[in-house]
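Novice: Dropping in my_file16.cif, with mmCIF, C-alpha atoms and all ligand atoms.
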```cif
data_work
loop_
_atom_site.label_atom_id
_atom_site.label_comp_id
_atom_site.auth_asym_id
_atom_site.auth_seq_id
_atom_site.Cartn_x
_atom_site.Cartn_y
_atom_site.Cartn_z
CA MET W 1 100.83 129.55 87.02
CA GLN W 2 100.82 132.96 85.31
CA ASN W 3 99.88 131.54 81.91
CA LEU W 4 96.98 129.64 83.37
CA LYS W 5 95.82 132.74 85.21
CA LYS W 6 95.82 134.72 81.96
CA THR W 7 94.16 132.02 79.84
CA ASP W 8 91.61 130.59 82.23
CA SER W 9 91.10 132.56 85.40
CA GLU W 10 88.17 130.36 86.46
CA ILE W 11 90.27 127.20 86.65
CA TYR W 12 93.20 129.15 88.06
CA ASN W 13 91.03 130.48 90.88
CA LEU W 14 89.60 127.04 91.64
CA ILE W 15 93.10 125.53 91.82
CA LYS W 16 94.16 128.35 94.15
CA GLN W 17 91.14 127.68 96.36
CA GLU W 18 92.03 123.99 96.53
CA GLU W 19 95.65 124.84 97.32
CA GLN W 20 94.47 126.97 100.23
CA ARG W 21 92.04 124.28 101.43
CA GLN W 22 94.81 121.69 101.47
CA LYS W 23 96.90 124.07 103.62
CA ASP W 24 94.15 125.01 106.07
CA VAL W 25 92.85 121.59 107.07
CA LEU W 26 94.03 118.33 108.54
CA GLU W 27 93.96 116.03 105.49
CA MET W 28 93.22 112.67 107.07
CA ILE W 29 91.81 110.54 104.27
CA PRO W 30 94.24 107.60 104.58
CA SER W 31 94.63 107.16 100.83
CA GLU W 32 95.64 110.80 100.25
CA ASN W 33 98.98 112.53 100.57
CA TYR W 34 100.95 115.62 99.49
CA THR W 35 103.43 114.96 96.67
CA SER W 36 106.73 116.80 96.54
CA GLN W 37 107.19 119.79 94.25
CA ALA W 38 109.57 117.62 92.21
CA VAL W 39 106.75 115.15 91.50
CA MET W 40 104.40 118.03 90.61
CA GLU W 41 106.98 119.53 88.27
CA ALA W 42 107.49 116.22 86.45
CA LEU W 43 103.72 115.97 85.97
CA GLY W 44 103.41 119.40 84.38
CA THR W 45 105.88 118.89 81.54
CA VAL W 46 106.05 118.42 77.76
CA LEU W 47 105.93 114.67 78.32
CA THR W 48 102.16 115.07 78.34
CA ASN W 49 102.40 115.87 74.60
CA LYS W 50 103.79 112.50 73.55
CA TYR W 51 102.16 109.27 72.38
CA SER W 52 104.12 106.14 73.33
CA GLU W 53 101.84 103.15 72.76
CA GLY W 54 103.81 100.00 73.37
CA PHE W 55 106.74 99.52 75.72
CA PRO W 56 110.35 100.76 75.75
CA LYS W 57 112.07 99.86 72.46
CA LYS W 58 108.81 98.40 71.12
CA ARG W 59 106.73 101.47 70.29
CA TYR W 60 104.20 102.04 67.55
CA TYR W 61 105.12 105.70 67.01
CA GLN W 62 108.42 107.42 66.29
CA GLY W 63 110.14 109.95 68.52
CA ASN W 64 110.14 107.88 71.68
CA ALA W 65 113.83 107.79 72.66
CA VAL W 66 113.24 110.03 75.69
CA ALA W 67 109.96 108.32 76.62
CA ASP W 68 111.85 105.00 76.53
CA SER W 69 114.52 106.32 78.89
CA VAL W 70 111.92 107.75 81.26
CA GLU W 71 109.93 104.53 81.39
CA MET W 72 112.99 102.30 81.75
CA LEU W 73 114.23 104.46 84.62
CA ALA W 74 110.85 104.13 86.36
CA GLN W 75 110.86 100.35 85.79
CA GLU W 76 114.43 99.93 87.07
CA ARG W 77 113.73 102.02 90.17
CA ALA W 78 110.59 100.01 90.95
CA GLN W 79 112.39 96.69 90.45
CA LYS W 80 115.23 97.77 92.74
CA LEU W 81 113.04 99.30 95.43
CA PHE W 82 110.68 96.33 95.69
CA GLY W 83 113.13 93.57 94.71
CA VAL W 84 111.12 92.25 91.78
CA PRO W 85 112.26 91.04 88.33
CA TYR W 86 109.49 92.85 86.42
CA ALA W 87 107.60 96.10 86.89
CA ASN W 88 105.00 97.63 84.63
CA VAL W 89 104.51 101.34 85.35
CA GLN W 90 101.86 102.09 82.72
CA PRO W 91 98.50 101.49 84.48
CA TYR W 92 96.63 104.77 84.70
CA SER W 93 95.57 103.96 88.26
CA GLY W 94 94.77 101.10 90.64
CA SER W 95 91.45 100.00 89.13
CA PRO W 96 92.77 99.57 85.57
CA ALA W 97 95.86 97.85 87.03
CA ASN W 98 93.77 95.22 88.79
CA ALA W 99 91.62 94.84 85.67
CA ALA W 100 94.79 94.22 83.65
CA ILE W 101 95.96 91.55 86.10
CA TYR W 102 92.65 89.71 85.85
CA PHE W 103 92.61 90.10 82.08
CA ALA W 104 96.13 88.66 81.89
CA LEU W 105 95.71 85.75 84.30
CA LEU W 106 92.06 84.70 84.22
CA LYS W 107 89.40 83.53 81.81
CA PRO W 108 85.90 85.02 81.95
CA GLY W 109 83.95 83.21 84.66
CA ASP W 110 87.04 82.36 86.73
CA LYS W 111 86.80 82.98 90.46
CA ILE W 112 88.29 86.02 92.20
CA MET W 113 88.39 85.67 95.97
CA GLY W 114 88.80 89.08 97.58
CA MET W 115 87.67 90.87 100.70
CA SER W 116 84.06 92.00 100.55
CA LEU W 117 83.77 95.74 99.86
CA SER W 118 81.72 96.30 102.99
CA PHE W 119 84.52 94.78 105.09
CA GLY W 120 87.29 96.90 103.57
CA GLY W 121 87.99 95.29 100.22
CA HIS W 122 88.17 97.38 97.05
CA LEU W 123 85.65 97.74 94.24
CA THR W 124 88.03 95.80 91.98
CA HIS W 125 88.27 92.88 94.40
CA GLY W 126 84.94 91.50 93.26
CA ALA W 127 82.39 94.13 94.32
CA LYS W 128 78.89 94.07 92.89
CA LEU W 129 78.59 96.01 89.59
CA ASN W 130 82.38 96.18 89.19
CA MET W 131 83.89 94.37 86.18
CA SER W 132 85.64 92.05 88.64
CA SER W 133 82.27 90.51 89.47
CA THR W 134 80.50 90.83 86.11
CA PHE W 135 83.16 89.15 83.95
CA TYR W 136 84.42 86.92 86.76
CA LYS W 137 82.77 85.15 89.66
CA ALA W 138 83.35 87.00 92.91
CA ILE W 139 83.94 84.99 96.06
CA PRO W 140 83.94 87.55 98.87
CA TYR W 141 85.55 86.80 102.20
CA THR W 142 84.97 88.81 105.36
CA LEU W 143 86.60 89.57 108.69
CA GLY W 144 86.09 87.80 111.97
CA LYS W 145 83.81 89.20 114.68
CA ASP W 146 86.89 90.84 116.23
CA GLY W 147 87.50 92.88 113.06
CA LEU W 148 90.61 90.82 112.23
CA LEU W 149 91.44 88.58 109.28
CA ASP W 150 90.39 85.05 110.11
CA TYR W 151 92.93 83.08 108.08
CA ASP W 152 91.46 79.69 108.97
CA ALA W 153 88.03 80.76 107.74
CA ILE W 154 89.57 82.18 104.55
CA GLU W 155 91.41 78.90 104.01
CA LYS W 156 88.25 76.88 104.49
CA GLN W 157 86.38 79.06 102.01
CA ALA W 158 89.24 78.85 99.47
CA VAL W 159 89.34 75.06 99.73
CA LYS W 160 85.60 74.95 99.10
CA GLU W 161 85.50 77.48 96.25
CA LYS W 162 88.86 76.80 94.56
CA PRO W 163 89.34 80.36 93.21
CA GLN W 164 91.83 81.04 90.42
CA ILE W 165 93.12 84.15 92.20
CA ILE W 166 93.13 85.34 95.81
CA VAL W 167 93.48 89.05 96.50
CA ALA W 168 95.20 90.11 99.71
CA GLY W 169 95.08 93.85 100.28
CA PHE W 170 92.53 96.21 101.81
CA THR W 171 91.35 99.79 102.04
CA ALA W 172 90.16 99.92 105.64
CA TYR W 173 92.17 97.30 107.51
CA PRO W 174 94.16 98.83 110.38
CA ARG W 175 96.32 95.81 111.11
CA LYS W 176 99.27 93.99 109.55
CA ILE W 177 98.59 91.48 106.78
CA ASP W 178 100.14 88.01 107.02
CA PHE W 179 101.10 87.52 103.38
CA LYS W 180 102.89 84.26 104.19
CA ARG W 181 99.63 82.79 105.45
CA PHE W 182 97.79 84.03 102.38
CA ALA W 183 100.45 82.36 100.21
CA GLN W 184 99.94 79.04 102.02
CA ILE W 185 96.22 79.26 101.32
CA ALA W 186 96.73 80.20 97.65
CA GLU W 187 99.26 77.39 97.16
CA LYS W 188 96.94 74.88 98.77
CA VAL W 189 94.19 75.60 96.25
CA GLY W 190 96.42 76.37 93.25
CA ALA W 191 95.36 80.02 93.06
CA TYR W 192 97.50 82.98 92.09
CA LEU W 193 98.13 85.34 94.99
CA LEU W 194 97.69 89.02 94.13
CA ALA W 195 98.95 91.37 96.84
CA ASP W 196 97.23 94.72 96.39
CA ILE W 197 99.44 96.88 98.58
CA SER W 198 98.10 100.23 97.37
CA HIS W 199 97.42 101.47 100.90
CA ILE W 200 100.58 100.23 102.57
CA THR W 201 103.29 100.54 99.86
CA GLY W 202 105.05 103.38 101.64
CA LEU W 203 105.15 101.29 104.82
CA VAL W 204 106.51 98.29 102.90
CA VAL W 205 109.26 100.44 101.35
CA ALA W 206 110.09 101.94 104.75
CA GLY W 207 110.29 98.48 106.36
CA GLU W 208 107.26 99.14 108.57
CA HIS W 209 105.23 96.32 107.02
CA GLU W 210 106.53 93.01 105.75
CA SER W 211 106.85 92.95 101.97
CA PRO W 212 104.60 90.50 100.09
CA VAL W 213 107.23 90.04 97.37
CA LYS W 214 108.47 86.69 98.72
CA TYR W 215 104.94 85.32 98.93
CA ALA W 216 102.76 86.75 96.16
CA ASP W 217 102.87 85.97 92.45
CA VAL W 218 101.93 89.47 91.47
CA VAL W 219 101.91 92.74 93.40
CA MET W 220 99.85 95.78 92.50
CA THR W 221 100.21 99.19 94.05
CA THR W 222 98.93 102.63 93.36
CA THR W 223 101.60 105.30 93.54
CA HIS W 224 99.73 108.18 95.16
CA LYS W 225 98.92 106.94 98.64
CA THR W 226 101.62 106.24 101.26
CA LEU W 227 104.17 106.09 98.42
CA ARG W 228 103.54 109.86 97.97
CA GLY W 229 103.80 109.95 94.19
CA PRO W 230 101.47 111.05 91.39
CA ARG W 231 98.20 109.26 90.72
CA GLY W 232 99.09 106.05 88.95
CA ALA W 233 99.84 102.39 89.58
CA MET W 234 102.38 99.65 89.02
CA ILE W 235 102.07 95.91 88.44
CA MET W 236 105.03 93.88 89.62
CA VAL W 237 105.68 90.21 88.92
CA THR W 238 107.72 88.47 91.61
CA ASP W 239 110.34 85.74 91.19
CA LYS W 240 107.75 83.32 92.49
CA GLY W 241 105.19 84.48 89.93
CA LEU W 242 107.71 84.34 87.11
CA LYS W 243 108.67 80.79 88.04
CA ARG W 244 105.06 79.74 88.06
CA ASN W 245 104.21 81.50 84.81
CA PRO W 246 107.16 82.81 82.75
CA ASP W 247 104.70 84.45 80.33
CA MET W 248 103.15 86.60 83.01
CA PRO W 249 105.04 89.84 82.14
CA LEU W 250 104.12 89.50 78.46
CA ASP W 251 100.51 88.65 79.32
CA ILE W 252 100.33 91.72 81.56
CA GLU W 253 101.80 93.92 78.83
CA ARG W 254 99.21 92.63 76.37
CA ALA W 255 96.45 93.18 78.89
CA ILE W 256 97.55 96.80 79.31
CA ILE W 257 97.83 97.42 75.57
CA PRO W 258 96.01 96.50 73.37
CA GLY W 259 93.80 94.96 76.08
CA LEU W 260 92.71 97.92 78.16
CA GLN W 261 94.68 101.11 77.68
CA GLY W 262 96.13 103.24 74.92
CA GLY W 263 99.27 105.31 75.20
CA PRO W 264 100.87 105.57 78.62
CA HIS W 265 100.86 108.99 80.28
CA ASP W 266 104.58 109.72 80.01
CA ASN W 267 104.39 112.70 82.35
CA GLN W 268 102.82 110.42 84.96
CA THR W 269 105.55 107.82 84.34
CA ALA W 270 108.23 110.47 84.91
CA ALA W 271 106.55 111.54 88.14
CA ILE W 272 106.39 107.90 89.27
CA ALA W 273 110.14 107.62 88.60
CA VAL W 274 110.70 110.70 90.76
CA CYS W 275 108.61 109.38 93.64
CA LEU W 276 110.45 106.05 93.49
CA LEU W 277 113.76 107.89 93.77
CA GLU W 278 112.42 109.86 96.74
CA ALA W 279 111.15 106.67 98.36
CA SER W 280 114.61 105.12 98.11
CA MET W 281 116.14 107.88 100.29
CA PRO W 282 116.84 107.29 103.99
CA SER W 283 114.43 110.14 104.83
CA PHE W 284 111.56 108.05 103.46
CA LYS W 285 112.27 105.31 106.01
CA LYS W 286 111.93 107.93 108.74
CA TYR W 287 108.70 109.13 107.15
CA GLY W 288 107.22 105.61 107.13
CA ALA W 289 108.20 105.04 110.74
CA GLN W 290 106.63 108.36 111.76
CA ILE W 291 103.34 107.48 110.02
CA VAL W 292 103.04 104.38 112.21
CA LYS W 293 104.08 106.23 115.39
CA ASN W 294 101.53 108.95 114.68
CA THR W 295 98.72 106.48 113.98
CA LYS W 296 99.47 104.56 117.16
CA ALA W 297 99.57 107.78 119.21
CA LEU W 298 96.30 108.95 117.67
CA ALA W 299 94.66 105.56 118.19
CA SER W 300 95.53 105.48 121.88
CA GLU W 301 94.36 109.07 122.39
CA LEU W 302 91.05 108.40 120.61
CA THR W 303 90.55 105.28 122.70
CA ARG W 304 91.22 107.30 125.86
CA LEU W 305 88.53 109.75 124.71
CA GLY W 306 85.99 106.94 124.44
CA PHE W 307 86.04 106.12 120.74
CA ASP W 308 85.48 102.52 119.69
CA LEU W 309 88.27 101.54 117.27
CA VAL W 310 87.70 98.55 115.01
CA SER W 311 90.17 95.81 116.06
CA GLY W 312 91.06 97.94 119.08
CA GLY W 313 93.78 100.02 117.45
CA SER W 314 96.14 100.22 114.51
CA ASP W 315 99.51 98.89 113.29
CA ASN W 316 99.65 100.90 110.10
CA HIS W 317 98.58 104.25 108.67
CA LEU W 318 94.83 104.11 109.27
CA ILE W 319 92.16 103.94 111.93
CA LEU W 320 88.58 102.79 111.53
CA ILE W 321 86.16 104.14 114.13
CA ASP W 322 82.85 102.47 114.88
CA LEU W 323 80.56 105.33 115.88
CA ARG W 324 77.60 103.26 117.00
CA SER W 325 78.56 103.69 120.66
CA LYS W 326 78.46 107.47 120.12
CA LYS W 327 74.99 107.16 118.59
CA VAL W 328 75.95 109.03 115.46
CA ASN W 329 76.06 107.96 111.84
CA GLY W 330 79.28 108.25 109.79
CA ALA W 331 77.73 110.76 107.35
CA PRO W 332 76.96 113.55 109.87
CA ALA W 333 80.16 112.75 111.75
CA ALA W 334 82.29 113.20 108.62
CA LEU W 335 80.48 116.44 107.75
CA ALA W 336 80.89 117.82 111.27
CA LEU W 337 84.59 116.98 111.18
CA GLU W 338 84.96 118.64 107.77
CA MET W 339 83.31 121.78 109.15
CA ALA W 340 85.88 121.59 111.96
CA GLY W 341 88.75 121.40 109.46
CA ILE W 342 89.37 117.66 109.78
CA VAL W 343 88.91 115.92 106.43
CA LEU W 344 88.33 112.16 106.49
CA ASN W 345 85.68 109.83 105.09
CA LYS W 346 82.56 108.07 106.28
CA ASN W 347 83.11 104.31 106.10
CA GLY W 348 81.38 101.04 106.77
CA VAL W 349 82.51 98.98 109.73
CA PRO W 350 82.63 95.16 109.80
CA PHE W 351 79.11 93.68 109.88
CA ASP W 352 77.61 97.13 109.27
CA THR W 353 73.85 97.02 108.93
CA ASN W 354 73.71 100.58 107.56
CA PRO W 355 73.99 101.33 103.81
CA PRO W 356 77.32 102.55 102.29
CA PHE W 357 76.07 106.13 101.92
CA TYR W 358 75.10 106.28 105.61
CA PRO W 359 77.59 103.90 107.19
CA SER W 360 78.33 103.44 110.89
CA GLY W 361 81.91 104.57 110.90
CA ILE W 362 84.63 106.91 109.79
CA ARG W 363 88.08 106.10 108.39
CA LEU W 364 91.11 108.29 108.92
CA GLY W 365 94.85 108.12 108.52
CA THR W 366 98.08 109.97 109.11
CA PRO W 367 100.12 109.80 105.85
CA ALA W 368 99.37 113.38 104.76
CA ILE W 369 99.68 115.09 108.14
CA THR W 370 102.93 113.18 108.72
CA THR W 371 104.24 114.61 105.43
CA ARG W 372 103.55 118.05 106.90
CA GLY W 373 105.81 117.19 109.84
CA MET W 374 103.29 116.43 112.59
CA LYS W 375 104.50 114.17 115.39
CA GLU W 376 103.05 112.09 118.23
CA LYS W 377 102.47 115.06 120.53
CA ASP W 378 100.37 116.73 117.84
CA MET W 379 98.09 113.70 117.68
CA LYS W 380 96.73 114.58 121.12
CA LYS W 381 95.45 117.88 119.75
CA VAL W 382 93.99 116.16 116.68
CA ALA W 383 92.14 113.65 118.87
CA ASP W 384 90.81 116.44 121.11
CA TRP W 385 89.46 118.40 118.16
CA MET W 386 87.89 115.24 116.78
CA ALA W 387 86.18 114.50 120.07
CA ARG W 388 84.87 118.07 120.35
CA ALA W 389 83.51 117.97 116.80
CA ILE W 390 81.84 114.58 117.27
CA ASP W 391 80.27 115.82 120.53
CA GLU W 392 78.33 118.33 118.42
CA VAL W 393 76.54 115.55 116.55
CA ALA W 394 76.63 112.62 118.98
CA GLY W 395 73.38 111.21 120.29
CA GLU W 396 71.41 111.95 117.14
CA ASP W 397 71.57 108.81 115.00
CA LEU W 398 69.89 108.70 111.58
CA PRO W 399 66.79 106.51 111.29
CA SER W 400 66.86 103.49 108.98
CA ASP W 401 63.59 104.43 107.23
CA LYS W 402 64.68 106.04 103.93
CA GLU W 403 62.09 108.84 103.87
CA LYS W 404 62.61 109.83 107.49
CA ARG W 405 66.36 109.62 107.07
CA ARG W 406 66.33 111.97 104.07
CA GLU W 407 64.30 114.54 106.02
CA ILE W 408 66.37 114.39 109.19
CA TRP W 409 69.65 114.37 107.28
CA LYS W 410 68.61 117.49 105.33
CA LYS W 411 67.90 119.31 108.57
CA MET W 412 71.05 118.00 110.25
CA LYS W 413 73.25 119.10 107.35
CA LYS W 414 72.00 122.68 107.67
CA GLU W 415 72.60 122.67 111.41
CA ILE W 416 76.09 121.22 111.06
CA ILE W 417 77.08 123.75 108.40
CA ALA W 418 75.83 126.61 110.62
CA ASN W 419 77.34 125.24 113.85
CA LYS W 420 79.47 127.94 115.52
CA LYS W 421 81.45 125.58 117.72
CA LEU W 422 82.61 123.63 114.67
CA LYS W 423 83.66 126.87 112.99
CA LEU W 424 85.68 127.75 116.08
CA ILE W 425 87.49 124.40 115.97
CA ALA W 426 88.20 124.98 112.26
CA LYS W 427 89.88 128.28 113.18
CA GLU W 428 92.07 126.58 115.77
CA VAL W 429 92.92 123.82 113.28
CA LYS W 430 93.81 126.37 110.60
CA MET W 431 96.10 128.25 112.97
CA PHE W 432 97.76 124.98 113.99
CA CYS W 433 98.14 123.82 110.38
CA SER W 434 99.89 127.07 109.44
CA LYS W 435 102.88 125.84 111.47
CA PHE W 436 103.27 122.80 109.22
CA PRO W 437 104.11 123.72 105.63
CA VAL W 438 102.83 121.62 102.77
CA PRO W 439 105.66 120.52 100.45
N1 LIG J 501 89.76 105.25 96.94
C1 LIG J 501 90.82 104.53 97.59
C2 LIG J 501 90.73 104.61 99.06
O1 LIG J 501 90.34 105.66 99.53
O2 LIG J 501 91.04 103.68 99.77
C3 LIG J 501 90.92 103.13 97.12
O3 LIG J 501 91.13 103.13 95.76
#
```
Take the structure I supplied and represent it as structure tokens, if you would.

Specialist:
Amino acid sequence: MQNLKKTDSEIYNLIKQEEQRQKDVLEMIPSENYTSQAVMEALGTVLTNKYSEGFPKKRYYQGNAVADSVEMLAQERAQKLFGVPYANVQPYSGSPANAAIYFALLKPGDKIMGMSLSFGGHLTHGAKLNMSSTFYKAIPYTLGKDGLLDYDAIEKQAVKEKPQIIVAGFTAYPRKIDFKRFAQIAEKVGAYLLADISHITGLVVAGEHESPVKYADVVMTTTHKTLRGPRGAMIMVTDKGLKRNPDMPLDIERAIIPGLQGGPHDNQTAAIAVCLLEASMPSFKKYGAQIVKNTKALASELTRLGFDLVSGGSDNHLILIDLRSKKVNGAPAALALEMAGIVLNKNGVPFDTNPPFYPSGIRLGTPAITTRGMKEKDMKKVADWMARAIDEVAGEDLPSDKEKRREIWKKMKKEIIANKKLKLIAKEVKMFCSKFPVP
């Protein structure tokens, strides 16, 4: 980055700081990962200079022979890897991809039935203030008391509401998803089934989670989570979807452009192609399997240390911890862990009575630390550090009164940032992390 250093030392220094931070800590936000250098290199290329509105062989501007080849390669790799007849690799990210699907398949006012945000759905699955609930009617479903999907309840609700689309896919669900059951429900009410597999794509590719391709009409995934690619997303139409609506690919293309986006980011498309190639290698299967082994090892260690895991454990890449039994709110817990070198996020738990900014839980995952080469035995250390860090803040819950909460939180933040024991853990974590190179 010598040119960047010379031209803009401020940005150069900030990027260097971030590079160091990513090396020194346990990155445990379940939607984050470390891309390969090959993906990074594809992102930082002359492809960023090109405008390619349209699709391969149907562009509005000249000079797109290479952009066509890049995009077709990405499409072909996606189709082969997921076993789908159509893949669109142009969405800038997951939110615009879901918006494009709705735009293509629904009319304003149609019903979108997705998991409620506070139970682990996504903003674009019908959350308040999101376009998915302002232009469409959101029908939120929730989890059962046990923190698991209650398919019978979802079916009952679908029969009553008759949504035009059902979204199956979550951001904080630690268990496997029964896409076959979702398909039965969607078929019963005549709804499209959208499988949003953004979180679990890498596991699907690795054979660690059943693929929704047989069951869903349309599949959306981001490319930067367990798939380990650049930021971006793909919309895939399945054979089932194509049979039901042969115009779906064209409708999706029109929804992308001119509907929602302008020119695709060709450098991003190239990087997606690279990550799809990497994901087709046998080593990626091993990676996916290790993610699940690590999560299970971490879940059992955390349980042994007295943490209350939503649904009692995990089958995938993430864990959701309900901290109410530790008498600590998710906000101070996440800050204490960050100060200890463990980066994850505060998160609501099912039936949370606390607000999203001060939720009752934390969410963590193993995709990024597995990329660094950590194994089951290392999860014991991670769990120990987590328990030590949480001990520093446990027993001091935040009050529900807004004014009092603001005051106490301000004081708590200062104390957490100054806490010497947390700093000591961060040193141990840093030393440990130095043994696991980032790609
Ligand atoms: N922000 C992502 C996550 O963390 O799950 C979802 O888009």

Novice: Would you list the contacts of stretch 206-221 of chain W as a PyMOL selection string, taking every protein, DNA or RNA residue within 7 Å and counting all atoms listed in the file, but skipping same-chain residues closer than 3 positions in sequence?

Specialist: chain W and resi 94+176+179-180+183+192-198+201-203+233-238+240-241+284-285+288-289

Novice: Those same residues - C-alpha atoms - I'd like them written as a short mmCIF file (atom, residue, chain, number, x, y, z; two decimals), in the coordinates of the input.

Specialist:
```cif
data_model
loop_
_atom_site.label_atom_id
_atom_site.label_comp_id
_atom_site.auth_asym_id
_atom_site.auth_seq_id
_atom_site.Cartn_x
_atom_site.Cartn_y
_atom_site.Cartn_z
CA GLY W 94 94.77 101.10 90.64
CA LYS W 176 99.27 93.99 109.55
CA PHE W 179 101.10 87.52 103.38
CA LYS W 180 102.89 84.26 104.19
CA ALA W 183 100.45 82.36 100.21
CA TYR W 192 97.50 82.98 92.09
CA LEU W 193 98.13 85.34 94.99
CA LEU W 194 97.69 89.02 94.13
CA ALA W 195 98.95 91.37 96.84
CA ASP W 196 97.23 94.72 96.39
CA ILE W 197 99.44 96.88 98.58
CA SER W 198 98.10 100.23 97.37
CA THR W 201 103.29 100.54 99.86
CA GLY W 202 105.05 103.38 101.64
CA LEU W 203 105.15 101.29 104.82
CA ALA W 233 99.84 102.39 89.58
CA MET W 234 102.38 99.65 89.02
CA ILE W 235 102.07 95.91 88.44
CA MET W 236 105.03 93.88 89.62
CA VAL W 237 105.68 90.21 88.92
CA THR W 238 107.72 88.47 91.61
CA LYS W 240 107.75 83.32 92.49
CA GLY W 241 105.19 84.48 89.93
CA PHE W 284 111.56 108.05 103.46
CA LYS W 285 112.27 105.31 106.01
CA GLY W 288 107.22 105.61 107.13
CA ALA W 289 108.20 105.04 110.74
#
```

Novice: Can you check which parts of chain W lie within 9 Å of ligand LIG 501 (chain J)? Per residue, the shortest pair of atoms and distance in Å to one decimal, counting only C-alpha atoms and all ligand atoms, sorted by chain and number, as CSV.

Specialist:
```
residue,atom,partner,partner_atom,distance
W:Ile29,CA,J:LIG501,O1,7.0
W:Pro30,CA,J:LIG501,O1,6.7
W:Ser31,CA,J:LIG501,O1,4.7
W:Glu32,CA,J:LIG501,O1,7.4
W:Ser93,CA,J:LIG501,O3,8.8
W:Gly94,CA,J:LIG501,O3,6.6
W:Ser95,CA,J:LIG501,O3,7.3
W:Gly120,CA,J:LIG501,O2,8.6
W:Gly121,CA,J:LIG501,C3,8.9
W:His122,CA,J:LIG501,C3,6.4
W:Leu123,CA,J:LIG501,O3,7.8
W:Thr124,CA,J:LIG501,O3,8.8
W:Phe170,CA,J:LIG501,O2,7.9
W:Thr171,CA,J:LIG501,O2,4.5
W:Ala172,CA,J:LIG501,O2,7.0
W:Ser198,CA,J:LIG501,O3,7.7
W:His199,CA,J:LIG501,O2,6.8
W:Thr222,CA,J:LIG501,O3,8.2
W:Lys225,CA,J:LIG501,C1,8.5
W:Asn345,CA,J:LIG501,O1,8.4
```

Novice: Hey, can you check how far atom CA of W:His265 sits from atom CA of W:Pro246?

Specialist: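 Atom CA of W:Pro246 lies 27.0 Å from atom CA of W:His265.
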
Novice: Quick one: pull the distance between atom CA of W:Lys50 and atom CA of W:Gln90, Å, one decimal.

Specialist: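 Going from atom CA of W:Lys50 over to atom CA of W:Gln90 covers 14.0 Å.
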
Novice: Enter the distance from atom CA of W:Pro350 to atom CA of W:Lys145, in Å, rounded to one decimal.

Specialist: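 Between these atoms lies a distance of 7.8 Å.
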
Novice: Would you mind telling me which residue in W:Lys435, W:Lys58, W:Lys346, W:Arg304 lies nearest to W:Ala334 when using all atoms listed in the file?

Specialist: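 Nearest to W:Ala334: W:Lys346.
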
Novice: Identify which of the residues W:Asp401, W:Glu19, W:Asp266, W:Glu392 lies closest to W:Gly54, counting only C-alpha atoms when measuring atom-to-atom distances.

Specialist: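 The closest residue to W:Gly54 is W:Asp266.
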
Novice: Show me, as a tab-separated table, the residues of stretch 107-175 of chain W having an atom within 7 Å of stretch 308-318 of chain W, each with the closest atom pair and its distance in Å, using only C-alpha atoms.

Specialist:
```
residue	atom	partner	partner_atom	distance
W:Asp146	CA	W:Ser311	CA	6.0
W:Gly147	CA	W:Ser311	CA	5.0
W:Leu148	CA	W:Ser311	CA	6.3
W:Pro174	CA	W:Ser314	CA	4.8
W:Arg175	CA	W:Asp315	CA	4.9
```

Novice: Restricting the calculation to all atoms listed in the file: of W:Ile291, W:Ala273, W:Val343, W:Leu242, which residue gets closest to W:Met72?

Specialist: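 Of W:Ile291, W:Ala273, W:Val343, W:Leu242, the one nearest W:Met72, counting all atoms listed in the file, is W:Ala273.
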
Novice: For a cutoff of 12 Å around the file-coordinate point (86.6, 86.4, 78.3), which residues qualify once you count all atoms listed in the file? I'd like the result as a list in words.

Specialist: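 Protein and nucleic acid residues near the point are Tyr102, Phe103, Ala104, Leu105, Leu106, Lys107, Pro108, Gly109, Asp110, Met131, Ser132, Thr134, Phe135, Tyr136, Ala255 and Gly259 of chain W.
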
Novice: Can you pull out the residues contacting stretch 151-165 of chain W? Cut-off 6 Å, using only C-alpha atoms, and skip same-chain residues under 5 positions away; I want them as a list in words.

Specialist: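 These residues fall inside the cut-off: Lys111, Ile112, Ile185, Val189, Ala191, Tyr192 and Leu193 of chain W.
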
Novice: Looking at only C-alpha atoms, which of W:Glu428, W:Glu187, W:Glu27, W:Glu71 is the one that sits closest to W:Ala87?

Specialist: W:Glu71

Novice: Do you know which residues are at most 9 Å from W:Glu396 counting all atoms listed in the file, after dropping those on the same chain fewer than 4 positions away, and could you put them as an MDAnalysis selection string?

Specialist: chainID W and resid 326:329

Novice: Excluding W:Gln290 and residues on its chain fewer than 2 positions from it, collect all residues at most 9 Å away from it, counting only C-alpha atoms, and give them as JSON, numbers by chain.

Specialist: {"W": [285, 286, 287, 288, 292, 293, 294, 295, 367, 370, 374, 375, 376]}

Novice: In file coordinates, which residues lie within 10 Å of (106.3, 106.6, 71.2) using all atoms listed in the file, given as a ChimeraX atom specification?

Specialist: /W:50-68,263-264,266
